[in-house]
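Engineer: So that you have it, the file is work26.txt, and it contains compact mmCIF, C-alpha atoms:
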# COMPACT_ATOMS: atom_id res chain seq x y z
CA MET A 1 66.56 -56.83 76.61
CA LEU A 2 66.66 -59.72 74.13
CA ARG A 3 64.13 -60.52 71.46
CA VAL A 4 63.58 -63.98 70.00
CA SER A 5 66.08 -63.33 67.23
CA GLY A 6 68.45 -61.98 69.84
CA VAL A 7 68.08 -65.16 71.87
CA CYS A 8 68.86 -67.21 68.76
CA GLN A 9 71.89 -65.02 68.13
CA PHE A 10 72.99 -65.40 71.73
CA PHE A 11 72.71 -69.19 71.59
CA PHE A 12 74.71 -69.17 68.38
CA HIS A 13 77.50 -67.27 70.16
CA LEU A 14 77.19 -69.59 73.13
CA ASP A 15 77.49 -72.64 70.90
CA VAL A 16 80.67 -71.26 69.39
CA SER A 17 82.21 -70.33 72.71
CA ILE A 18 81.22 -73.47 74.58
CA LEU A 19 84.48 -75.15 73.58
CA TYR A 20 86.56 -72.89 75.78
CA LEU A 21 83.81 -72.12 78.34
CA ILE A 22 83.63 -75.74 79.36
CA THR A 23 87.15 -75.68 80.76
CA MET A 24 86.59 -72.58 82.90
CA GLN A 25 85.22 -72.10 86.34
CA TYR A 26 81.63 -71.17 87.04
CA HIS A 27 82.08 -67.44 87.73
CA ARG A 28 84.41 -66.93 84.78
CA ARG A 29 81.84 -68.53 82.49
CA LEU A 30 79.16 -66.30 83.98
CA PHE A 31 81.28 -63.21 83.50
CA ILE A 32 81.97 -63.99 79.82
CA ILE A 33 78.30 -64.72 79.14
CA ASN A 34 77.28 -61.49 80.87
CA GLN A 35 79.75 -59.55 78.75
CA LYS A 36 78.30 -61.05 75.59
CA LEU A 37 74.78 -60.24 76.69
CA ALA A 38 75.68 -56.63 77.50
CA HIS A 39 77.32 -56.24 74.11
CA MET A 40 74.28 -57.65 72.31
CA ASN A 41 72.00 -55.38 74.35
CA GLU A 42 73.96 -52.37 73.29
CA GLN A 43 73.81 -53.42 69.67
CA ASN A 44 70.06 -54.04 69.78
CA PHE A 45 69.24 -50.97 71.81
CA ILE A 46 69.02 -48.73 68.75
CA ASN A 47 66.26 -50.79 67.17
CA LEU A 48 64.30 -51.33 70.36
CA GLY A 49 61.81 -48.51 69.81
CA ALA A 50 61.17 -49.53 66.19
CA TRP A 51 60.68 -53.16 67.27
CA TRP A 52 58.24 -52.11 70.01
CA ALA A 53 56.22 -49.91 67.62
CA GLN A 54 56.05 -52.68 65.02
CA LYS A 55 54.88 -55.28 67.55
CA MET A 56 52.27 -52.89 68.94
CA SER A 57 50.88 -52.00 65.53
CA SER A 58 50.62 -55.65 64.47
CA ALA A 59 48.90 -56.50 67.73
CA GLN A 60 46.45 -53.66 67.24
CA GLU A 61 45.71 -54.89 63.71
CA LYS A 62 45.04 -58.42 64.93
CA LEU A 63 42.82 -57.13 67.71
CA THR A 64 40.84 -54.99 65.30
CA ALA A 65 40.30 -57.89 62.93
CA ALA A 66 39.20 -60.21 65.73
CA VAL A 67 36.80 -57.67 67.17
CA LYS A 68 35.38 -57.02 63.70
CA VAL A 69 34.69 -60.73 63.20
CA LEU A 70 33.07 -61.00 66.62
CA LEU A 71 30.85 -58.01 65.92
CA ASN A 72 29.79 -59.46 62.56
CA LEU A 73 28.88 -62.80 64.09
CA ALA A 74 26.73 -61.17 66.77
CA LEU A 75 27.42 -63.94 69.27
CA ALA A 76 27.70 -63.30 72.96
CA GLU A 77 31.17 -63.68 74.47
CA PRO A 78 30.03 -65.89 77.42
CA PHE A 79 28.34 -68.26 74.98
CA LEU A 80 31.53 -68.57 72.94
CA ARG A 81 33.62 -69.12 76.07
CA ASN A 82 31.19 -71.78 77.23
CA GLN A 83 31.42 -73.54 73.87
CA TRP A 84 35.20 -73.40 73.95
CA GLY A 85 35.19 -74.89 77.46
CA SER A 86 32.88 -77.71 76.46
CA GLN A 87 35.05 -78.42 73.41
CA CYS A 88 38.14 -78.61 75.62
CA ASN A 89 36.35 -80.94 78.01
CA ALA A 90 35.18 -83.14 75.14
CA VAL A 91 38.64 -83.65 73.68
CA THR A 92 40.47 -83.91 76.98
CA LYS A 93 40.55 -87.20 78.79
CA GLN A 94 39.97 -86.90 82.49
CA ASN A 95 42.74 -88.05 84.75
CA PRO A 96 41.32 -90.76 87.03
CA GLY A 97 43.97 -90.14 89.66
CA MET A 98 43.40 -86.42 89.84
CA LEU A 99 43.55 -85.23 93.38
CA ILE A 100 40.25 -83.60 94.10
CA LEU A 101 41.38 -82.69 97.56
CA GLN A 102 43.82 -80.16 96.14
CA SER A 103 41.00 -78.37 94.39
CA ILE A 104 39.46 -77.57 97.73
CA SER A 105 41.45 -74.61 98.90
CA TYR A 106 42.02 -74.03 102.55
CA LEU A 107 40.37 -70.64 102.48
CA SER A 108 37.19 -72.08 101.00
CA ALA A 109 37.23 -74.79 103.67
CA ILE A 110 37.50 -72.14 106.37
CA LYS A 111 34.66 -70.22 104.76
CA GLN A 112 32.48 -73.31 104.63
CA LEU A 113 33.15 -74.07 108.25
CA LYS A 114 32.34 -70.50 109.24
CA ILE A 115 29.07 -70.72 107.35
CA LEU A 116 28.29 -73.97 109.04
CA GLY A 117 28.76 -72.35 112.40
CA ALA A 118 31.93 -74.06 113.43
CA SER A 119 34.29 -72.14 115.59
CA LYS A 120 37.47 -70.61 114.25
CA ALA A 121 39.68 -72.79 116.45
CA VAL A 122 38.11 -75.99 115.19
CA ALA A 123 38.47 -74.77 111.63
CA LYS A 124 42.14 -73.95 112.14
CA LYS A 125 42.76 -77.32 113.75
CA LEU A 126 41.03 -79.07 110.89
CA ILE A 127 43.07 -77.15 108.34
CA SER A 128 46.31 -77.95 110.14
CA ASP A 129 45.32 -81.62 110.17
CA ILE A 130 44.61 -81.50 106.45
CA ILE A 131 48.01 -79.90 105.86
CA LYS A 132 49.66 -82.65 107.91
CA ILE A 133 47.78 -85.28 105.95
CA LYS A 134 48.94 -83.78 102.68
CA ASP A 135 52.53 -83.71 103.94
CA SER A 136 52.28 -87.33 105.00
CA LEU A 137 50.86 -88.27 101.60
CA ALA A 138 53.77 -86.53 99.90
CA ILE A 139 56.22 -88.40 102.14
CA ILE A 140 54.58 -91.71 101.30
CA GLU A 141 54.69 -90.97 97.60
CA ASN A 142 58.38 -90.12 97.89
CA MET A 143 58.98 -93.37 99.72
CA ILE A 144 57.17 -95.31 97.02
CA ALA A 145 59.21 -93.63 94.31
CA GLN A 146 62.43 -94.21 96.23
CA SER A 147 61.56 -97.86 96.83
CA SER A 148 60.77 -98.30 93.13
CA MET A 149 64.16 -96.83 92.22
CA ASP A 150 65.89 -99.07 94.75
CA ASP A 151 63.95 -102.04 93.48
CA SER A 152 64.94 -101.35 89.86
CA SER A 153 68.58 -101.10 90.87
CA ALA A 154 68.32 -104.24 92.99
CA VAL A 155 67.49 -106.33 89.92
CA VAL A 156 71.07 -106.21 88.77
CA GLU A 157 72.51 -107.25 92.07
CA PRO A 158 70.05 -108.86 94.46
CA ASN A 159 71.00 -108.11 98.00
CA SER A 160 69.46 -109.04 101.29
CA ASN A 161 70.07 -105.54 102.69
CA ARG A 162 68.03 -103.98 99.92
CA LEU A 163 65.19 -106.42 100.52
CA PHE A 164 65.36 -105.56 104.20
CA ASP A 165 65.17 -101.83 103.41
CA ILE A 166 62.19 -102.40 101.11
CA SER A 167 60.39 -104.39 103.77
CA GLU A 168 61.08 -101.62 106.28
CA ASN A 169 59.67 -99.04 103.88
CA LEU A 170 56.59 -101.15 103.36
CA GLU A 171 56.07 -101.42 107.11
CA ASP A 172 56.44 -97.67 107.46
CA MET A 173 53.94 -97.15 104.66
CA GLN A 174 51.48 -99.45 106.36
CA THR A 175 51.75 -97.61 109.67
CA ALA A 176 51.45 -94.23 107.96
CA TYR A 177 48.40 -95.45 106.06
CA ASN A 178 46.72 -96.57 109.27
CA ARG A 179 47.55 -93.30 111.00
CA LEU A 180 46.22 -91.23 108.11
CA LYS A 181 43.05 -93.25 107.94
CA ALA A 182 42.38 -92.77 111.64
CA ARG A 183 43.02 -89.03 111.40
CA LEU A 184 40.81 -88.68 108.37
CA ASP A 185 38.00 -90.54 110.10
CA SER A 186 38.24 -88.31 113.14
CA ASN A 187 38.22 -85.16 111.00
CA LEU A 188 35.36 -86.35 108.86
CA LYS A 189 33.28 -86.94 111.96
CA LEU A 190 33.62 -83.23 112.73
CA LEU A 191 32.33 -82.31 109.30
CA THR A 192 29.60 -84.91 109.19
CA GLY A 193 27.87 -83.31 112.17
CA HIS A 194 27.36 -80.03 110.25
CA ASP A 195 27.24 -80.61 106.54
CA GLY A 196 26.78 -83.99 104.96
CA ALA A 197 27.48 -82.83 101.42
CA ALA A 198 30.87 -81.33 102.25
CA ALA A 199 31.77 -84.37 104.32
CA ALA A 200 30.81 -86.69 101.47
CA LEU A 201 32.85 -84.61 99.03
CA ILE A 202 35.95 -84.66 101.21
CA GLN A 203 35.42 -88.33 102.02
CA ASP A 204 35.25 -89.23 98.35
CA ALA A 205 38.35 -87.19 97.60
CA ALA A 206 40.29 -88.71 100.47
CA GLY A 207 39.02 -92.17 99.55
CA ASP A 208 40.22 -91.73 95.98
CA GLU A 209 43.63 -90.57 97.14
CA MET A 210 43.92 -93.43 99.59
CA GLN A 211 42.86 -95.89 96.92
CA ILE A 212 45.53 -94.53 94.59
CA LEU A 213 48.15 -95.03 97.27
CA VAL A 214 46.89 -98.53 97.95
CA PHE A 215 47.08 -99.37 94.24
CA LYS A 216 50.61 -98.02 94.12
CA CYS A 217 51.58 -100.15 97.11
CA GLN A 218 49.99 -103.22 95.55
CA ALA A 219 51.81 -102.66 92.27
CA HIS A 220 55.02 -102.23 94.21
CA LEU A 221 54.43 -105.47 96.09
CA MET A 222 53.67 -107.34 92.86
CA ARG A 223 56.88 -106.02 91.39
CA ILE A 224 58.84 -107.20 94.43
CA HIS A 225 57.14 -110.59 94.21
CA GLY A 226 58.15 -110.92 90.57
CA LYS A 227 61.73 -109.99 91.38
CA VAL A 228 61.85 -112.56 94.16
CA GLN A 229 60.47 -115.23 91.80
CA GLN A 230 63.09 -114.33 89.20
CA ALA A 231 65.84 -114.50 91.81
CA LYS A 232 64.54 -117.88 92.98
CA PHE A 233 64.47 -119.34 89.46
CA ALA A 234 67.89 -117.89 88.76
CA ALA A 235 69.26 -119.60 91.87
CA VAL A 236 68.04 -123.13 90.89
CA PRO A 237 70.94 -123.99 88.51
CA PHE A 238 73.44 -122.92 91.14
CA GLU A 239 71.74 -125.14 93.70
CA ARG A 240 71.94 -128.06 91.30
CA ARG A 241 75.60 -127.44 90.69
CA ILE A 242 76.24 -127.21 94.41
CA SER A 243 74.34 -130.44 95.09
CA GLN A 244 76.27 -132.22 92.35
CA SER A 245 79.57 -131.06 93.76
CA LYS A 246 78.81 -132.26 97.30
CA PRO A 247 81.52 -134.40 98.91
CA GLY A 248 80.53 -138.07 98.87
CA ASN A 249 79.17 -138.12 95.34
CA ASN A 250 82.13 -137.53 93.12
CA ILE A 251 85.08 -137.78 95.46
CA TYR A 252 84.52 -141.38 96.48
CA LEU A 253 83.03 -142.57 93.22
CA LEU A 254 86.29 -143.18 91.34
CA PRO A 255 88.04 -145.25 94.08
CA VAL A 256 84.94 -147.41 94.50
CA VAL A 257 84.81 -148.12 90.78
CA ASN A 258 88.49 -148.94 90.77
CA LEU A 259 88.06 -151.27 93.70
CA LEU A 260 85.14 -152.99 92.01
CA ILE A 261 87.14 -153.46 88.82
CA LEU A 262 90.01 -154.92 90.83
CA ILE A 263 87.69 -157.32 92.66
CA THR A 264 86.08 -158.36 89.40
CA VAL A 265 89.41 -159.04 87.75
CA GLN A 266 90.60 -161.11 90.70
CA ILE A 267 87.40 -163.13 90.81
CA LEU A 268 87.55 -163.75 87.08
CA SER A 269 91.14 -164.92 87.40
CA LEU A 270 90.04 -167.11 90.29
CA LEU A 271 87.33 -168.65 88.23
CA SER A 272 89.65 -169.28 85.32
CA ILE A 273 92.24 -170.90 87.63
CA GLN A 274 89.50 -172.96 89.20
CA ASN A 275 88.39 -174.23 85.82
CA LEU A 276 91.96 -175.04 84.88
CA ALA A 277 92.40 -176.93 88.15
CA PHE A 278 89.37 -179.00 87.53
CA GLN A 279 90.35 -179.68 83.96
CA ASN A 280 94.14 -180.23 84.22
CA GLY A 281 94.76 -181.36 87.76
CA HIS A 282 97.36 -180.31 90.33
CA PRO A 283 99.60 -177.50 88.81
CA ALA A 284 96.87 -174.94 88.74
CA LEU A 285 95.28 -176.39 91.87
CA SER A 286 98.50 -175.96 93.81
CA LYS A 287 98.79 -172.35 92.61
CA TRP A 288 95.20 -171.68 93.56
CA ARG A 289 95.73 -173.10 97.01
CA LYS A 290 98.93 -171.15 97.68
CA ASP A 291 98.10 -167.64 96.40
CA ILE A 292 94.44 -167.02 95.95
CA ILE A 293 92.70 -169.18 98.45
CA LEU A 294 94.10 -167.13 101.34
CA TRP A 295 92.52 -163.93 100.04
CA TRP A 296 89.33 -165.81 99.34
CA ILE A 297 89.04 -167.53 102.67
CA MET A 298 89.69 -164.37 104.66
CA ARG A 299 86.41 -162.77 103.49
CA SER A 300 83.30 -163.29 105.57
CA SER A 301 80.05 -164.49 104.13
CA TRP A 302 78.27 -161.11 103.97
CA GLU A 303 81.29 -159.54 102.28
CA MET A 304 81.24 -162.29 99.70
CA ARG A 305 77.56 -161.78 99.14
CA CYS A 306 78.06 -158.07 98.65
CA ILE A 307 80.90 -158.64 96.23
CA PHE A 308 78.87 -161.00 94.11
CA GLN A 309 75.92 -158.69 94.17
CA ILE A 310 78.20 -155.96 92.83
CA ILE A 311 79.54 -158.28 90.17
CA TYR A 312 76.01 -159.23 89.22
CA SER A 313 75.04 -155.61 88.98
CA LEU A 314 78.06 -154.94 86.77
CA ASN A 315 77.43 -157.99 84.57
CA PRO A 316 73.79 -159.07 84.68
CA SER A 317 74.44 -161.99 82.33
CA ILE A 318 75.92 -163.95 85.25
CA SER A 319 73.29 -165.40 87.52
CA PRO A 320 73.73 -164.65 91.24
CA THR A 321 73.12 -168.26 92.25
CA CYS A 322 75.92 -169.43 90.01
CA THR A 323 78.36 -166.86 91.24
CA ILE A 324 77.60 -167.62 94.84
CA SER A 325 77.58 -171.38 94.57
CA MET A 326 80.81 -171.63 92.62
CA PRO A 327 83.25 -170.54 95.34
CA ILE A 328 81.43 -172.60 97.90
CA HIS A 329 81.70 -175.58 95.66
CA THR A 330 85.38 -175.02 94.94
CA CYS A 331 86.31 -174.24 98.52
CA GLY A 332 84.68 -177.39 99.70
CA MET B 1 30.15 -98.69 47.22
CA ILE B 2 27.84 -97.89 50.10
CA ASP B 3 29.18 -95.63 52.78
CA ALA B 4 28.62 -97.51 55.99
CA ALA B 5 29.74 -94.67 58.22
CA PRO B 6 26.95 -93.38 60.42
CA THR B 7 25.77 -89.92 59.46
CA ALA B 8 25.37 -87.79 62.54
CA ASN B 9 22.41 -85.54 62.77
CA ALA B 10 23.42 -81.88 62.74
CA ALA B 11 20.82 -81.06 65.35
CA GLN B 12 22.38 -83.49 67.83
CA LEU B 13 25.90 -82.16 67.42
CA PRO B 14 27.11 -79.44 69.77
CA PRO B 15 27.39 -75.93 68.28
CA TYR B 16 31.19 -75.89 68.41
CA LEU B 17 31.13 -78.77 65.90
CA ALA B 18 28.06 -78.06 63.80
CA ASP B 19 27.91 -74.25 63.58
CA ASP B 20 30.57 -72.51 61.51
CA ASN B 21 29.82 -69.15 63.03
CA VAL B 22 30.48 -70.51 66.49
CA ARG B 23 33.75 -72.02 65.29
CA ARG B 24 34.86 -68.73 63.76
CA GLY B 25 33.71 -66.89 66.85
CA ILE B 26 35.75 -69.17 69.11
CA LEU B 27 38.80 -68.66 66.92
CA SER B 28 38.37 -64.88 66.97
CA LEU B 29 37.84 -64.92 70.70
CA LEU B 30 41.06 -66.85 71.26
CA VAL B 31 42.95 -64.47 68.96
CA GLN B 32 41.51 -61.54 70.88
CA ASP B 33 42.66 -63.02 74.18
CA ARG B 34 46.18 -63.68 72.94
CA VAL B 35 46.45 -60.20 71.44
CA LYS B 36 45.34 -58.65 74.70
CA GLU B 37 48.04 -60.58 76.52
CA GLU B 38 50.60 -59.40 73.96
CA ILE B 39 49.51 -55.80 74.34
CA PHE B 40 49.76 -56.10 78.11
CA ARG B 41 53.35 -57.36 77.83
CA LEU B 42 54.22 -54.58 75.36
CA GLN B 43 52.77 -51.99 77.72
CA GLN B 44 54.88 -53.35 80.55
CA GLU B 45 57.93 -53.10 78.35
CA HIS B 46 56.94 -49.57 77.38
CA CYS B 47 56.74 -48.61 81.03
CA SER B 48 60.19 -50.02 81.71
CA MET B 49 61.57 -48.14 78.68
CA ILE B 50 60.05 -44.89 79.91
CA LYS B 51 61.52 -45.42 83.37
CA TRP B 52 64.94 -46.15 81.91
CA LEU B 53 64.71 -43.03 79.73
CA GLU B 54 63.70 -40.89 82.71
CA GLY B 55 66.67 -42.21 84.65
CA GLN B 56 69.02 -41.43 81.81
CA ILE B 57 67.61 -37.90 81.47
CA GLN B 58 68.03 -37.34 85.20
CA ASN B 59 71.60 -38.55 85.03
CA LEU B 60 72.30 -36.17 82.15
CA LYS B 61 70.70 -33.25 84.01
CA ALA B 62 72.75 -34.05 87.10
CA ALA B 63 75.92 -34.23 85.03
CA ILE B 64 75.16 -30.88 83.38
CA LYS B 65 74.33 -29.32 86.72
CA ASN B 66 77.52 -30.52 88.35
CA CYS B 67 79.63 -29.63 85.38
CA ASN B 68 82.28 -27.03 86.34
CA GLY B 69 85.18 -25.45 84.53
CA THR B 70 85.67 -24.84 80.89
CA LEU B 71 85.79 -27.22 77.96
Using structure tokens, write down the structure from this file.

Structural biologist:
Amino acid sequence: MLRVSGVCQFFFHLDVSILYLITMQYHRRLFIINQKLAHMNEQNFINLGAWWAQKMSSAQEKLTAAVKVLLNLALAEPFLRNQWGSQCNAVTKQNPGMLILQSISYLSAIKQLKILGASKAVAKKLISDIIKIKDSLAIIENMIAQSSMDDSSAVVEPNSNRLFDISENLEDMQTAYNRLKARLDSNLKLLTGHDGAAAALIQDAAGDEMQILVFKCQAHLMRIHGKVQQAKFAAVPFERRISQSKPGNNIYLLPVVNLLILITVQILSLLSIQNLAFQNGHPALSKWRKDIILWWIMRSSWEMRCIFQIIYSLNPSISPTCTISMPIHTCG
Amino acid sequence: MIDAAPTANAAQLPPYLADDNVRRGILSLLVQDRVKEEIFRLQQEHCSMIKWLEGQIQNLKAAIKNCNGTL
């Protein structure tokens, strides 16, 4: 039998002994704590009667003072309770997602149906359907919460399996929503035939609950859409890197450049030898005819055109007509 | 400096805001309710104490009754 001060004292002892309790097994810990509690009970047992008498006398004093004030004010108790209720309602914000359906107890629903003249079997069936609907709603809410947790963990490591699970959950939610809606409609038709007010009340409550679930699903879908967008934007740099490292772009670029440089050097040497031959006569001409003319003559016309186009692209200061006409002129 | 705050008419305010007697009455009513709850808990504890004491007295009587031999 622990008072508040006793509880504080107990927690103080527990705080001290937690250093060696943490290494023990569960039942040993429980045994030690029980021993401490029994010891403290024995110590406090002597003062229990005095404590009880003191608490009772202080409570009686408070009650006497409150009753005296109420008698002096001469206000009715229901009026004061009504004012207190209105004050609570004024300062409390109403929850828009409050489930009104829960406020309708099953016994009151049975009573209403009995008053309306419905049979007991129909009432029981309706109540069982309502219980099933509530269970299904709880399952859907659990699924939404579980999907949200999975979705938050999937941000760190996007995985196709997780997306597949989420899509499966969404499909299940959609089917459950359709099933619930059909069942609610069929049950509401039963009520609508007897009492329009009760049917409207239940319909509004069920509509609110359904709307809440739909909003939750929409928020969940928007969150998934945002995550997919983020994953898509995060994947763009990798795609660029992959496209840049494709075979055919970088692998063959260096040999082609080397080949072009080699061709350019040879053509420049050819042109210089050709100029020397025209200027000085036979020594350079004989060298040109022996070594270089063979390589030059072996090329076909389209290859030559391509080579000079490449040279022109490398050095735009040379005109293509000049570069093409020169070998033709010299070869002739 | 002119006070631009709107002054509410006392007649339009609800009694729990405008009337001091109602405010005091609500406070006393709440105190009365809490004290009644406290007294109920103390009475429950009193009952359990009485039961424990009766059990102890019965145990003592049984021990005295079954006591044989000499001290």

Engineer: Taking all atoms listed in the file into account, what are the residues of chain B at most 9 Å from chain A, put as a PyMOL selection string?

Structural biologist: chain B and resi 14-17+21-33+35-36+38-39+42-43+45-46+49

Engineer: To one decimal place, how far is CA of Val7 in chain A from CA of Thr23 in chain A in Å?

Structural biologist: 23.5 Å

Engineer: Using CA of Gln211 in chain A and CA of Ile127 in chain A as the two end points, give the distance in Å to one decimal.

Structural biologist: 21.9 Å

Engineer: One number please: CA of Leu19 in chain A to CA of Gln35 in chain A, in Å, one decimal.

Structural biologist: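 A separation of 17.1 Å between them.
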
Engineer: Box for range 45-51 of chain B: with edges along x, y and z, all listed atoms inside and 8 Å added on each side, what are the centre and edge lengths in Å to one decimal, as JSON?

Structural biologist:
{"center_x": 59.2, "center_y": -49.0, "center_z": 80.4, "size_x": 20.8, "size_y": 24.2, "size_z": 22.0}

Engineer: Have range 50-65 of chain A completed to N, CA, C and O atoms, please, and pass it along as a PDB file, in the frame of the given file.

Structural biologist:
ATOM      1  N   ALA A  50      61.826 -49.115  67.435  1.00  0.00           N
ATOM      2  CA  ALA A  50      61.170 -49.530  66.190  1.00  0.00           C
ATOM      3  C   ALA A  50      60.519 -50.898  66.351  1.00  0.00           C
ATOM      4  O   ALA A  50      59.401 -51.141  65.862  1.00  0.00           O
ATOM      5  N   TRP A  51      61.242 -51.810  67.053  1.00  0.00           N
ATOM      6  CA  TRP A  51      60.680 -53.160  67.270  1.00  0.00           C
ATOM      7  C   TRP A  51      59.389 -53.071  68.088  1.00  0.00           C
ATOM      8  O   TRP A  51      58.391 -53.717  67.761  1.00  0.00           O
ATOM      9  N   TRP A  52      59.423 -52.214  69.141  1.00  0.00           N
ATOM     10  CA  TRP A  52      58.240 -52.110  70.010  1.00  0.00           C
ATOM     11  C   TRP A  52      57.059 -51.553  69.212  1.00  0.00           C
ATOM     12  O   TRP A  52      55.929 -52.050  69.327  1.00  0.00           O
ATOM     13  N   ALA A  53      57.313 -50.515  68.396  1.00  0.00           N
ATOM     14  CA  ALA A  53      56.220 -49.910  67.620  1.00  0.00           C
ATOM     15  C   ALA A  53      55.646 -50.899  66.612  1.00  0.00           C
ATOM     16  O   ALA A  53      54.415 -50.986  66.433  1.00  0.00           O
ATOM     17  N   GLN A  54      56.540 -51.700  65.987  1.00  0.00           N
ATOM     18  CA  GLN A  54      56.050 -52.680  65.020  1.00  0.00           C
ATOM     19  C   GLN A  54      55.194 -53.755  65.694  1.00  0.00           C
ATOM     20  O   GLN A  54      54.120 -54.124  65.197  1.00  0.00           O
ATOM     21  N   LYS A  55      55.659 -54.249  66.840  1.00  0.00           N
ATOM     22  CA  LYS A  55      54.880 -55.280  67.550  1.00  0.00           C
ATOM     23  C   LYS A  55      53.529 -54.718  67.987  1.00  0.00           C
ATOM     24  O   LYS A  55      52.493 -55.393  67.888  1.00  0.00           O
ATOM     25  N   MET A  56      53.522 -53.486  68.458  1.00  0.00           N
ATOM     26  CA  MET A  56      52.270 -52.890  68.940  1.00  0.00           C
ATOM     27  C   MET A  56      51.294 -52.694  67.789  1.00  0.00           C
ATOM     28  O   MET A  56      50.083 -52.959  67.935  1.00  0.00           O
ATOM     29  N   SER A  57      51.790 -52.234  66.661  1.00  0.00           N
ATOM     30  CA  SER A  57      50.880 -52.000  65.530  1.00  0.00           C
ATOM     31  C   SER A  57      50.305 -53.310  65.004  1.00  0.00           C
ATOM     32  O   SER A  57      49.102 -53.404  64.688  1.00  0.00           O
ATOM     33  N   SER A  58      51.147 -54.354  64.940  1.00  0.00           N
ATOM     34  CA  SER A  58      50.620 -55.650  64.470  1.00  0.00           C
ATOM     35  C   SER A  58      49.615 -56.226  65.449  1.00  0.00           C
ATOM     36  O   SER A  58      48.588 -56.807  65.046  1.00  0.00           O
ATOM     37  N   ALA A  59      49.859 -56.017  66.744  1.00  0.00           N
ATOM     38  CA  ALA A  59      48.900 -56.500  67.730  1.00  0.00           C
ATOM     39  C   ALA A  59      47.576 -55.744  67.620  1.00  0.00           C
ATOM     40  O   ALA A  59      46.487 -56.347  67.724  1.00  0.00           O
ATOM     41  N   GLN A  60      47.670 -54.446  67.392  1.00  0.00           N
ATOM     42  CA  GLN A  60      46.450 -53.660  67.240  1.00  0.00           C
ATOM     43  C   GLN A  60      45.663 -54.105  65.998  1.00  0.00           C
ATOM     44  O   GLN A  60      44.424 -54.197  66.036  1.00  0.00           O
ATOM     45  N   GLU A  61      46.395 -54.419  64.926  1.00  0.00           N
ATOM     46  CA  GLU A  61      45.710 -54.890  63.710  1.00  0.00           C
ATOM     47  C   GLU A  61      44.982 -56.200  63.963  1.00  0.00           C
ATOM     48  O   GLU A  61      43.833 -56.392  63.550  1.00  0.00           O
ATOM     49  N   LYS A  62      45.663 -57.119  64.624  1.00  0.00           N
ATOM     50  CA  LYS A  62      45.040 -58.420  64.930  1.00  0.00           C
ATOM     51  C   LYS A  62      43.817 -58.240  65.810  1.00  0.00           C
ATOM     52  O   LYS A  62      42.777 -58.881  65.607  1.00  0.00           O
ATOM     53  N   LEU A  63      43.945 -57.359  66.796  1.00  0.00           N
ATOM     54  CA  LEU A  63      42.820 -57.130  67.710  1.00  0.00           C
ATOM     55  C   LEU A  63      41.624 -56.527  66.958  1.00  0.00           C
ATOM     56  O   LEU A  63      40.463 -56.932  67.186  1.00  0.00           O
ATOM     57  N   THR A  64      41.929 -55.619  66.062  1.00  0.00           N
ATOM     58  CA  THR A  64      40.840 -54.990  65.300  1.00  0.00           C
ATOM     59  C   THR A  64      40.120 -56.011  64.426  1.00  0.00           C
ATOM     60  O   THR A  64      38.883 -56.035  64.360  1.00  0.00           O
ATOM     61  N   ALA A  65      40.912 -56.875  63.801  1.00  0.00           N
ATOM     62  CA  ALA A  65      40.300 -57.890  62.930  1.00  0.00           C
ATOM     63  C   ALA A  65      39.449 -58.861  63.745  1.00  0.00           C
ATOM     64  O   ALA A  65      38.329 -59.225  63.328  1.00  0.00           O
TER      65      ALA A  65
END
